[in-house]
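*Asks:* Below is query-v2.csv; it holds CSV, C-alpha atoms.
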```csv
chain,number,residue,atom,x,y,z
A,1,MET,CA,125.4,92.5,99.3
A,2,ARG,CA,126.4,96.0,100.3
A,3,HIS,CA,123.4,96.4,102.5
A,4,ALA,CA,124.1,93.0,104.2
A,5,LEU,CA,127.7,94.0,104.9
A,6,ILE,CA,126.7,97.3,106.4
A,7,ARG,CA,124.2,95.5,108.6
A,8,LEU,CA,127.2,93.9,110.3
A,9,TYR,CA,128.2,97.2,111.8
A,10,PRO,CA,126.7,98.2,115.2
A,11,ALA,CA,123.3,99.9,114.9
A,12,ALA,CA,124.5,103.3,116.2
A,13,TRP,CA,127.4,103.3,113.8
A,14,ARG,CA,125.1,102.4,110.9
A,15,GLU,CA,122.8,105.3,111.9
A,16,ARG,CA,125.7,107.8,111.7
A,17,TYR,CA,127.8,106.5,108.8
A,18,GLY,CA,125.8,103.7,107.2
A,19,GLU,CA,124.4,105.8,104.3
A,20,GLU,CA,127.8,107.4,103.6
A,21,LEU,CA,129.5,104.0,103.4
A,22,GLU,CA,126.8,102.6,101.2
A,23,ALA,CA,127.1,105.6,98.9
A,24,LEU,CA,130.9,105.2,98.7
A,25,MET,CA,130.6,101.5,98.0
A,26,THR,CA,128.1,102.3,95.2
A,27,ASP,CA,130.6,104.7,93.7
A,28,LEU,CA,133.4,102.1,93.7
A,29,PRO,CA,133.7,99.2,91.3
A,30,ALA,CA,132.3,96.0,92.9
A,31,GLY,CA,135.0,93.6,94.1
A,32,TRP,CA,135.7,91.0,96.7
A,33,ARG,CA,138.6,93.1,98.2
A,34,GLY,CA,136.3,96.0,99.0
A,35,ASN,CA,133.7,93.7,100.5
A,36,LEU,CA,136.3,91.8,102.6
A,37,ASP,CA,137.6,95.2,103.8
A,38,VAL,CA,134.1,96.3,104.9
A,39,PHE,CA,133.5,92.9,106.6
A,40,LYS,CA,136.8,93.1,108.5
A,41,GLU,CA,136.2,96.6,109.6
A,42,ALA,CA,132.6,95.9,110.6
A,43,LEU,CA,133.8,93.1,112.9
A,44,GLY,CA,136.5,95.4,114.3
A,45,MET,CA,133.9,98.1,114.9
A,46,ARG,CA,131.7,95.7,116.7
A,47,LEU,CA,134.5,94.6,119.0
A,48,ARG,CA,135.5,98.1,119.7
A,49,TYR,CA,132.0,99.4,120.2
A,50,GLN,CA,129.8,96.7,121.7
A,51,SER,CA,129.4,96.4,125.4
A,52,TRP,CA,131.1,93.4,127.1
A,53,MET,CA,127.6,92.1,127.7
A,54,LYS,CA,127.4,91.3,124.0
A,55,ILE,CA,131.1,90.7,123.2
A,56,VAL,CA,131.8,88.1,125.8
A,57,PRO,CA,128.8,85.9,125.3
A,58,GLY,CA,129.4,86.2,121.5
A,59,PHE,CA,132.9,84.9,122.0
A,60,VAL,CA,131.7,82.1,124.2
A,61,ILE,CA,129.2,81.0,121.6
A,62,VAL,CA,131.6,81.2,118.7
A,63,GLY,CA,134.3,79.4,120.8
A,64,ALA,CA,131.9,76.6,121.8
A,65,LEU,CA,130.9,76.2,118.1
A,66,VAL,CA,134.5,76.1,116.9
A,67,GLY,CA,135.3,73.6,119.6
A,68,PHE,CA,132.4,71.4,118.7
A,69,LEU,CA,133.1,71.5,114.9
A,70,GLY,CA,136.8,71.2,115.6
A,71,SER,CA,136.1,67.8,117.3
A,72,TYR,CA,135.2,66.4,113.9
A,73,LEU,CA,138.7,67.2,112.6
A,74,VAL,CA,140.5,65.0,115.1
A,75,THR,CA,140.8,61.3,114.6
A,76,THR,CA,138.1,59.4,116.5
A,77,GLN,CA,139.3,56.7,118.9
A,78,PHE,CA,137.3,53.8,120.1
A,79,MET,CA,138.3,51.8,123.2
A,80,ALA,CA,137.7,48.1,123.6
A,81,LYS,CA,138.1,46.6,127.0
A,82,ALA,CA,138.2,43.2,128.6
A,83,VAL,CA,138.2,42.1,132.2
A,84,LEU,CA,140.4,39.3,133.3
A,85,GLN,CA,140.9,37.4,136.5
A,86,ILE,CA,144.1,35.7,137.7
A,87,THR,CA,143.4,33.0,140.3
A,88,PRO,CA,145.5,30.8,142.5
A,89,VAL,CA,144.0,27.4,142.7
A,90,GLN,CA,145.9,25.9,145.6
A,91,ILE,CA,144.4,26.6,149.1
A,92,SER,CA,147.9,27.2,150.4
A,93,ASP,CA,148.4,30.0,147.9
A,94,LYS,CA,145.0,31.6,148.9
A,95,SER,CA,146.1,31.9,152.5
A,96,ASP,CA,149.4,33.5,151.6
A,97,PRO,CA,149.3,37.2,152.8
A,98,THR,CA,151.8,38.2,150.1
A,99,LEU,CA,149.5,36.8,147.4
A,100,PRO,CA,148.0,40.1,146.2
A,101,GLN,CA,151.4,41.6,145.7
A,102,ARG,CA,152.7,38.4,144.0
A,103,LEU,CA,149.7,38.4,141.6
A,104,ASP,CA,150.3,42.1,140.8
A,105,GLU,CA,153.9,41.3,140.0
A,106,GLU,CA,152.8,38.4,137.8
A,107,ILE,CA,150.4,40.6,135.9
A,108,ALA,CA,153.1,43.2,135.4
A,109,ARG,CA,155.5,40.5,134.2
A,110,LEU,CA,152.9,39.2,131.7
A,111,GLN,CA,152.1,42.8,130.5
A,112,SER,CA,155.8,43.4,130.0
A,113,ALA,CA,156.1,40.3,127.9
A,114,VAL,CA,152.9,40.9,125.8
A,115,THR,CA,153.9,44.6,125.1
A,116,SER,CA,157.5,43.8,124.3
A,117,ARG,CA,158.8,44.9,120.9
A,118,HIS,CA,158.8,41.3,119.6
A,119,SER,CA,155.2,40.7,120.7
A,120,LEU,CA,153.9,44.0,119.3
A,121,ALA,CA,155.7,43.5,116.0
A,122,GLY,CA,153.8,40.2,115.7
A,123,LEU,CA,150.4,41.9,116.3
A,124,ILE,CA,151.2,44.7,113.9
A,125,ALA,CA,152.3,42.3,111.2
A,126,ASP,CA,149.1,40.1,111.8
A,127,GLU,CA,147.1,40.5,108.5
A,128,ARG,CA,143.9,39.6,110.2
A,129,LEU,CA,144.2,42.6,112.5
A,130,ASP,CA,145.4,44.9,109.7
A,131,LEU,CA,146.6,47.6,112.2
A,132,TYR,CA,148.3,50.9,111.5
A,133,VAL,CA,148.3,50.5,107.7
A,134,ALA,CA,149.0,54.2,106.9
A,135,GLU,CA,151.6,54.5,109.7
A,136,ARG,CA,153.5,51.5,108.6
A,137,ARG,CA,154.0,53.1,105.2
A,138,THR,CA,155.6,56.2,106.6
A,139,GLU,CA,157.0,55.4,110.1
A,140,PRO,CA,159.7,53.0,111.2
A,141,LEU,CA,158.4,49.9,112.9
A,142,GLU,CA,159.8,50.9,116.2
A,143,ASP,CA,157.7,54.1,116.2
A,144,VAL,CA,154.6,52.2,115.3
A,145,GLU,CA,155.3,49.8,118.2
A,146,ASP,CA,155.7,52.7,120.6
A,147,MET,CA,152.4,54.1,119.2
A,148,MET,CA,150.6,50.9,119.9
A,149,ARG,CA,152.1,50.4,123.3
A,150,ALA,CA,150.9,53.9,124.3
A,151,THR,CA,147.3,52.8,123.5
A,152,ILE,CA,147.4,49.6,125.4
A,153,HIS,CA,146.5,50.0,129.0
A,154,VAL,CA,146.5,47.3,131.7
A,155,ALA,CA,144.9,48.3,135.0
A,156,ILE,CA,144.9,46.2,138.1
A,157,ASN,CA,141.9,46.4,140.4
A,158,PRO,CA,143.3,48.0,143.6
A,159,ARG,CA,141.2,45.7,145.8
A,160,PRO,CA,141.7,41.9,145.6
A,161,PHE,CA,138.6,40.2,144.4
A,162,GLY,CA,137.9,37.7,147.1
A,163,LYS,CA,139.2,34.1,147.3
A,164,GLY,CA,142.7,35.4,146.6
A,165,ALA,CA,141.8,36.3,143.0
A,166,GLN,CA,143.0,39.5,141.3
A,167,ILE,CA,141.1,41.3,138.6
A,168,PHE,CA,142.6,43.4,135.9
A,169,THR,CA,141.5,45.1,132.6
A,170,ILE,CA,143.1,45.2,129.2
A,171,SER,CA,142.1,48.1,127.0
A,172,PHE,CA,143.1,49.2,123.5
A,173,LYS,CA,142.2,52.4,121.6
A,174,TYR,CA,142.0,52.5,117.8
A,175,PRO,CA,140.0,54.5,115.2
A,176,ASP,CA,138.2,51.3,114.0
A,177,PRO,CA,135.9,49.9,116.8
A,178,LYS,CA,136.0,46.3,115.3
A,179,LYS,CA,139.8,46.3,115.1
A,180,ALA,CA,139.9,47.6,118.7
A,181,GLN,CA,137.8,44.6,119.8
A,182,ASP,CA,139.9,42.2,117.7
A,183,THR,CA,143.1,43.5,119.1
A,184,VAL,CA,142.0,43.2,122.7
A,185,ASN,CA,141.1,39.6,121.9
A,186,ALA,CA,144.5,39.1,120.4
A,187,LEU,CA,146.1,40.6,123.5
A,188,ILE,CA,144.1,38.3,125.8
A,189,THR,CA,145.3,35.3,123.7
A,190,ARG,CA,148.9,36.5,124.1
A,191,PHE,CA,148.4,37.0,127.9
A,192,ILE,CA,147.2,33.4,128.2
A,193,ALA,CA,149.9,32.1,125.9
A,194,GLU,CA,152.5,34.0,127.8
A,195,SER,CA,151.3,32.7,131.2
A,196,THR,CA,151.4,29.1,129.8
A,197,THR,CA,155.0,29.7,128.6
A,198,GLN,CA,156.0,31.2,131.9
A,199,LYS,CA,154.5,28.3,133.8
A,200,ALA,CA,156.3,25.8,131.6
A,201,GLN,CA,159.6,27.7,132.2
A,202,GLY,CA,158.9,27.9,136.0
A,203,GLY,CA,158.5,31.7,136.0
A,204,LEU,CA,154.9,31.4,137.1
A,205,PRO,CA,153.4,28.9,139.6
A,206,ALA,CA,151.5,26.2,137.7
A,207,THR,CA,148.5,26.7,140.1
A,208,ILE,CA,147.7,30.2,138.8
A,209,TYR,CA,145.0,30.5,136.1
A,210,LEU,CA,143.9,33.3,133.9
A,211,ASP,CA,140.1,33.6,133.1
A,212,VAL,CA,138.3,36.1,130.9
A,213,LEU,CA,135.4,37.5,133.0
A,214,ASP,CA,134.2,40.0,130.5
A,215,PRO,CA,135.3,39.7,126.9
A,216,PRO,CA,135.7,42.8,124.8
A,217,GLN,CA,132.6,44.2,123.0
A,218,ILE,CA,132.6,46.4,119.8
A,219,PRO,CA,132.6,49.9,121.4
A,220,LYS,CA,129.5,51.9,120.3
A,221,GLN,CA,130.6,55.3,121.4
A,222,PRO,CA,133.9,56.9,120.7
A,223,PHE,CA,136.3,57.2,123.6
A,224,PHE,CA,137.8,60.4,122.0
A,225,PRO,CA,136.9,63.1,121.2
A,226,LYS,CA,134.2,63.9,123.6
A,227,ARG,CA,132.4,66.5,121.6
A,228,SER,CA,130.9,68.1,124.7
A,229,VAL,CA,134.3,68.5,126.3
A,230,PHE,CA,135.6,70.1,123.1
A,231,ALA,CA,132.6,72.5,123.1
A,232,ILE,CA,133.1,73.4,126.7
A,233,ALA,CA,136.8,74.0,126.2
A,234,GLY,CA,136.0,76.1,123.2
A,235,GLY,CA,133.5,78.1,125.2
A,236,LEU,CA,136.0,78.7,128.0
A,237,ALA,CA,138.7,79.8,125.5
A,238,GLY,CA,136.0,82.1,124.0
A,239,LEU,CA,135.2,83.5,127.5
A,240,PHE,CA,138.9,84.2,128.0
A,241,LEU,CA,139.4,85.8,124.6
A,242,GLY,CA,136.2,87.8,125.0
A,243,PHE,CA,137.5,89.4,128.2
A,244,ILE,CA,140.9,90.0,126.7
A,245,THR,CA,139.4,91.6,123.6
A,246,PHE,CA,137.2,93.8,125.8
A,247,PHE,CA,140.1,95.0,127.8
A,248,ILE,CA,142.5,95.6,125.0
A,249,ARG,CA,140.3,97.4,122.6
A,250,ARG,CA,141.7,100.9,122.4
A,251,VAL,CA,139.2,103.1,120.6
A,252,ARG,CA,135.6,103.4,121.6
A,253,PRO,CA,133.7,105.9,119.6
A,254,ARG,CA,132.2,107.9,122.4
A,255,HIS,CA,130.4,110.2,120.0
A,256,LEU,CA,128.1,107.3,119.1
A,257,GLN,CA,125.4,106.3,121.5
A,258,PRO,CA,125.4,102.7,122.6
A,259,ALA,CA,123.1,100.4,120.6
B,1,MET,CA,153.3,105.7,105.6
B,2,SER,CA,150.3,103.4,105.6
B,3,ASP,CA,148.4,104.4,108.8
B,4,PRO,CA,144.9,105.2,107.4
B,5,SER,CA,144.3,107.9,109.9
B,6,LEU,CA,147.4,109.8,108.9
B,7,LEU,CA,146.6,109.3,105.2
B,8,VAL,CA,143.1,110.8,105.7
B,9,LEU,CA,144.5,113.7,107.7
B,10,SER,CA,147.1,114.4,105.0
B,11,SER,CA,144.4,114.4,102.4
B,12,LEU,CA,142.1,116.7,104.3
B,13,ALA,CA,145.1,119.0,105.0
B,14,GLU,CA,144.7,120.1,101.4
B,15,GLY,CA,141.0,120.9,101.7
B,16,ASP,CA,137.6,119.5,102.6
B,17,LYS,CA,136.6,116.2,100.8
B,18,HIS,CA,134.1,113.4,100.9
B,19,GLY,CA,135.0,109.7,101.2
B,20,TYR,CA,135.4,109.0,97.5
B,21,LEU,CA,137.7,112.0,96.9
B,22,ILE,CA,139.8,111.1,99.9
B,23,MET,CA,140.3,107.6,98.5
B,24,GLN,CA,141.3,109.0,95.1
B,25,ASP,CA,143.6,111.6,96.7
B,26,VAL,CA,145.3,109.1,98.9
B,27,GLU,CA,145.9,106.7,96.0
B,28,SER,CA,147.5,109.5,94.0
B,29,PHE,CA,149.9,110.9,96.6
B,30,ALA,CA,150.6,107.8,98.7
B,31,LYS,CA,150.0,105.0,96.1
B,32,VAL,CA,147.9,103.3,98.7
B,33,ARG,CA,144.4,101.9,97.8
B,34,MET,CA,142.3,102.1,100.9
B,35,GLY,CA,139.2,99.9,101.2
B,36,PRO,CA,135.9,101.6,102.0
B,37,GLY,CA,135.7,99.9,105.4
B,38,THR,CA,139.3,101.0,106.3
B,39,LEU,CA,138.4,104.6,105.2
B,40,TYR,CA,135.3,104.8,107.3
B,41,GLY,CA,137.1,103.1,110.2
B,42,ALA,CA,139.7,105.9,110.1
B,43,ILE,CA,137.0,108.6,109.7
B,44,THR,CA,135.2,107.2,112.8
B,45,ARG,CA,138.4,107.3,114.9
B,46,LEU,CA,139.4,110.7,113.7
B,47,GLU,CA,136.0,112.2,114.4
B,48,GLU,CA,135.9,110.6,117.8
B,49,ARG,CA,139.2,112.3,118.6
B,50,GLY,CA,138.0,115.6,117.2
B,51,TRP,CA,140.7,115.7,114.5
B,52,ILE,CA,138.1,115.9,111.7
B,53,ARG,CA,134.5,117.1,111.5
B,54,PRO,CA,131.7,116.8,109.0
B,55,VAL,CA,131.0,120.1,107.2
B,56,GLY,CA,128.1,121.2,105.0
B,57,PRO,CA,124.7,119.7,105.0
B,58,LYS,CA,124.1,116.1,106.1
B,59,ASP,CA,124.5,114.2,102.9
B,60,ARG,CA,125.1,110.6,101.6
B,61,ARG,CA,128.4,111.9,100.3
B,62,GLN,CA,129.4,113.8,103.5
B,63,THR,CA,132.2,116.2,103.3
B,64,TYR,CA,134.8,116.3,106.1
B,65,ALA,CA,137.3,118.9,107.2
B,66,ILE,CA,140.4,118.7,109.3
B,67,THR,CA,140.2,120.6,112.6
B,68,PRO,CA,142.9,122.7,114.2
B,69,THR,CA,143.8,119.9,116.7
B,70,GLY,CA,143.8,117.5,113.8
B,71,ARG,CA,146.2,119.7,111.9
B,72,ALA,CA,148.4,120.0,115.0
B,73,HIS,CA,148.4,116.2,115.4
B,74,LEU,CA,149.3,115.7,111.7
B,75,GLN,CA,152.1,118.3,112.0
B,76,GLU,CA,153.5,116.5,115.1
B,77,GLN,CA,153.3,113.0,113.5
B,78,LEU,CA,154.9,114.1,110.2
B,79,SER,CA,157.7,116.0,111.9
B,80,ALA,CA,158.5,112.9,113.9
B,81,MET,CA,158.5,110.8,110.7
B,82,GLN,CA,160.6,113.4,108.9
B,83,ALA,CA,163.3,113.1,111.6
B,84,VAL,CA,163.3,109.3,111.2
B,85,VAL,CA,163.4,109.5,107.4
B,86,LYS,CA,166.2,112.1,107.5
B,87,THR,CA,168.3,110.0,109.9
B,88,GLY,CA,167.6,106.8,108.1
B,89,LEU,CA,168.6,108.2,104.7
B,90,ALA,CA,171.7,109.8,106.1
B,91,ARG,CA,172.8,106.5,107.7
B,92,LEU,CA,172.1,104.7,104.4
B,93,ARG,CA,174.3,107.2,102.6
B,94,HIS,CA,177.2,106.7,105.0
B,95,ALA,CA,176.9,102.9,105.3
```
Would you give me this structure, written as structure tokens?
*Replies:*
Amino acid sequence: MRHALIRLYPAAWRERYGEELEALMTDLPAGWRGNLDVFKEALGMRLRYQSWMKIVPGFVIVGALVGFLGSYLVTTQFMAKAVLQITPVQISDKSDPTLPQRLDEEIARLQSAVTSRHSLAGLIADERLDLYVAERRTEPLEDVEDMMRATIHVAINPRPFGKGAQIFTISFKYPDPKKAQDTVNALITRFIAESTTQKAQGGLPATIYLDVLDPPQIPKQPFFPKRSVFAIAGGLAGLFLGFITFFIRRVRPRHLQPA
Amino acid sequence: MSDPSLLVLSSLAEGDKHGYLIMQDVESFAKVRMGPGTLYGAITRLEERGWIRPVGPKDRRQTYAITPTGRAHLQEQLSAMQAVVKTGLARLRHA
């Protein structure tokens, strides 16, 4: 143990003081405090003494490793996504130059209705979906609704899809991939139901239809965290800390030759 | 006072000592138990600055001595501390 701890010091330091430190540790009663003290000082001596060519890459490697392992501590999120199409059936509608804008407005109106507090409360309370079980125990329903709304994303294709149709996607992120898929299916059902309601109430032209082009699949890969991104971020943080450490170290034992 | 370097210099001001004796001496006069790594970290820095030097033959239990510049540095540091202690105690008495 003693020998292993002393091996942590830079080689030139060991050559000069290694035997003395080992003799001192032999004279002292064994204990974790003494070992921890030697470990801490050995690391400090390495930081003070090693050249930046060793310090900086060392920090980068440790940072990348910490980032990679840290990615396992964050909650994994899976994203399920569906592609929908909203289509005007009447030819007169298709030739209307304001149609794309009108369709975008219709989608926004549907989204607003589907992600309203009332609608989300229904989804959260749905026993088949079984969402946010832990959060519902500790958080007010309004906060859980806000949490869910933040993970629902509706994106409209910026370019109209031919024949006057407009394409948009509905996505939802959740730690359980199957629940993510089920929830997107539930959201699609609500979009369709809401469009039917709005048509019945005259809020939406009766000649506009919603179709599911690409139903949601069970996501295989997590959307978050991207372990490679965490590792790169950790490596970059290590690079920064490595240079900072190199520049702020105050004492460099010049009487020892570099290793 | 808990700066390991000053503790080591204070110990060596009395006479030459090796690591184990320095630790025992510091514990007796300052009631501070220095770890072996801390002690040798301080010895490295003090030798680097020329405030202590090894004396006698090269040995596993190497003896160290304070140098004249080390003594001057210790004098300067302790005088500064003494001024702070004196002022602090006087202010406590009159508070």
*Asks:* Which residues of chain A come within 8 Å of chain B, and what is each one's closest atom pair and distance in Å (one decimal), counting all atoms listed in the file, sorted by chain and residue number, as JSON lines?
*Replies:*
```
{"residue": "A:Tyr17", "atom": "CA", "partner": "B:Tyr40", "partner_atom": "CA", "distance": 7.8}
{"residue": "A:Glu19", "atom": "CA", "partner": "B:Arg60", "partner_atom": "CA", "distance": 5.6}
{"residue": "A:Glu20", "atom": "CA", "partner": "B:Arg60", "partner_atom": "CA", "distance": 4.6}
{"residue": "A:Leu21", "atom": "CA", "partner": "B:Pro36", "partner_atom": "CA", "distance": 7.0}
{"residue": "A:Ala23", "atom": "CA", "partner": "B:Arg60", "partner_atom": "CA", "distance": 6.0}
{"residue": "A:Leu24", "atom": "CA", "partner": "B:Tyr20", "partner_atom": "CA", "distance": 6.0}
{"residue": "A:Met25", "atom": "CA", "partner": "B:Pro36", "partner_atom": "CA", "distance": 6.6}
{"residue": "A:Asp27", "atom": "CA", "partner": "B:Tyr20", "partner_atom": "CA", "distance": 7.5}
{"residue": "A:Arg33", "atom": "CA", "partner": "B:Gly35", "partner_atom": "CA", "distance": 7.5}
{"residue": "A:Gly34", "atom": "CA", "partner": "B:Gly35", "partner_atom": "CA", "distance": 5.3}
{"residue": "A:Asp37", "atom": "CA", "partner": "B:Gly37", "partner_atom": "CA", "distance": 5.3}
{"residue": "A:Val38", "atom": "CA", "partner": "B:Gly37", "partner_atom": "CA", "distance": 4.0}
{"residue": "A:Phe39", "atom": "CA", "partner": "B:Gly37", "partner_atom": "CA", "distance": 7.4}
{"residue": "A:Lys40", "atom": "CA", "partner": "B:Gly37", "partner_atom": "CA", "distance": 7.6}
{"residue": "A:Glu41", "atom": "CA", "partner": "B:Gly37", "partner_atom": "CA", "distance": 5.4}
{"residue": "A:Ala42", "atom": "CA", "partner": "B:Gly37", "partner_atom": "CA", "distance": 7.3}
{"residue": "A:Met45", "atom": "CA", "partner": "B:Gly41", "partner_atom": "CA", "distance": 7.6}
{"residue": "A:Val251", "atom": "CA", "partner": "B:Arg45", "partner_atom": "CA", "distance": 7.1}
{"residue": "A:Pro253", "atom": "CA", "partner": "B:Glu48", "partner_atom": "CA", "distance": 5.5}
{"residue": "A:Arg254", "atom": "CA", "partner": "B:Glu48", "partner_atom": "CA", "distance": 6.5}
{"residue": "A:His255", "atom": "CA", "partner": "B:Glu48", "partner_atom": "CA", "distance": 5.9}
```
*Asks:* Suppose we keep C-alpha atoms; can you now write the selection as a PDB file, keeping the file's coordinate frame?
*Replies:*
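Written output follows (selection-v4.pdb):
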```
ATOM      1  CA  TYR A  17     127.800 106.500 108.800  1.00  0.00           C
ATOM      2  CA  GLU A  19     124.400 105.800 104.300  1.00  0.00           C
ATOM      3  CA  GLU A  20     127.800 107.400 103.600  1.00  0.00           C
ATOM      4  CA  LEU A  21     129.500 104.000 103.400  1.00  0.00           C
ATOM      5  CA  ALA A  23     127.100 105.600  98.900  1.00  0.00           C
ATOM      6  CA  LEU A  24     130.900 105.200  98.700  1.00  0.00           C
ATOM      7  CA  MET A  25     130.600 101.500  98.000  1.00  0.00           C
ATOM      8  CA  ASP A  27     130.600 104.700  93.700  1.00  0.00           C
ATOM      9  CA  ARG A  33     138.600  93.100  98.200  1.00  0.00           C
ATOM     10  CA  GLY A  34     136.300  96.000  99.000  1.00  0.00           C
ATOM     11  CA  ASP A  37     137.600  95.200 103.800  1.00  0.00           C
ATOM     12  CA  VAL A  38     134.100  96.300 104.900  1.00  0.00           C
ATOM     13  CA  PHE A  39     133.500  92.900 106.600  1.00  0.00           C
ATOM     14  CA  LYS A  40     136.800  93.100 108.500  1.00  0.00           C
ATOM     15  CA  GLU A  41     136.200  96.600 109.600  1.00  0.00           C
ATOM     16  CA  ALA A  42     132.600  95.900 110.600  1.00  0.00           C
ATOM     17  CA  MET A  45     133.900  98.100 114.900  1.00  0.00           C
ATOM     18  CA  VAL A 251     139.200 103.100 120.600  1.00  0.00           C
ATOM     19  CA  PRO A 253     133.700 105.900 119.600  1.00  0.00           C
ATOM     20  CA  ARG A 254     132.200 107.900 122.400  1.00  0.00           C
ATOM     21  CA  HIS A 255     130.400 110.200 120.000  1.00  0.00           C
TER      22      HIS A 255
END
```
*Asks:* Just give me the gap between CA of Arg16 (chain A) and CA of Asn35 (chain A) in Å, one decimal is fine.
*Replies:* 19.7 Å
*Asks:* Might you pull out every residue within 12 Å of Val144 (chain A), with all atoms listed in the file counted and same-chain residues fewer than 2 positions away left off, and present them as a count of residues only?
*Replies:* 24
*Asks:* From the options A:Leu99, A:Ala237, A:Ala82, A:Leu210, which residue's atoms come nearest to Gln181 (chain A), counting all atoms listed in the file?
*Replies:*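 The closest residue to Gln181 (chain A) is A:Ala82.
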*Asks:* Which one of B:Leu7, B:Val32, B:Ala13, B:Val26 sits closest to Gly70 (chain B) if you count all atoms listed in the file?
*Replies:*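 Selected residue with least distance to Gly70 (chain B): B:Ala13.
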*Asks:* Which residues come within 8 Å of region 73-80 of chain B, counting all atoms listed in the file, excluding same-chain residues fewer than 4 positions away, as a PyMOL selection string?
*Replies:* chain B and resi 6+9-10+51+69+84
*Asks:* Just how far from CA of Ile167 (chain A) is CA of Gln217 (chain A), in Å to one decimal?
*Replies:*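 Separation between CA of Gln217 (chain A) and CA of Ile167 (chain A): 18.0 Å.
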*Asks:* Could you tell me how far CA of Ala4 (chain A) lies from CA of Ile61 (chain A), in Å and to one decimal?
*Replies:*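 Computed distance, CA of Ala4 (chain A) to CA of Ile61 (chain A), equals 21.7 Å.
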*Asks:* Show which residues sit within 8 Å of region 62-77 of chain A, as a list in words. Count only C-alpha atoms, and ignore same-chain residues fewer than 5 positions away.
*Replies:*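 Selected residues are Lys173, Tyr174, Pro175, Asp176, Pro177, Pro222, Phe223, Phe224, Pro225, Lys226, Arg227, Ser228, Phe230, Ala231, Ile232, Ala233, Gly234, Gly235, Leu236, Ala237, Gly238 and Leu239 of chain A.
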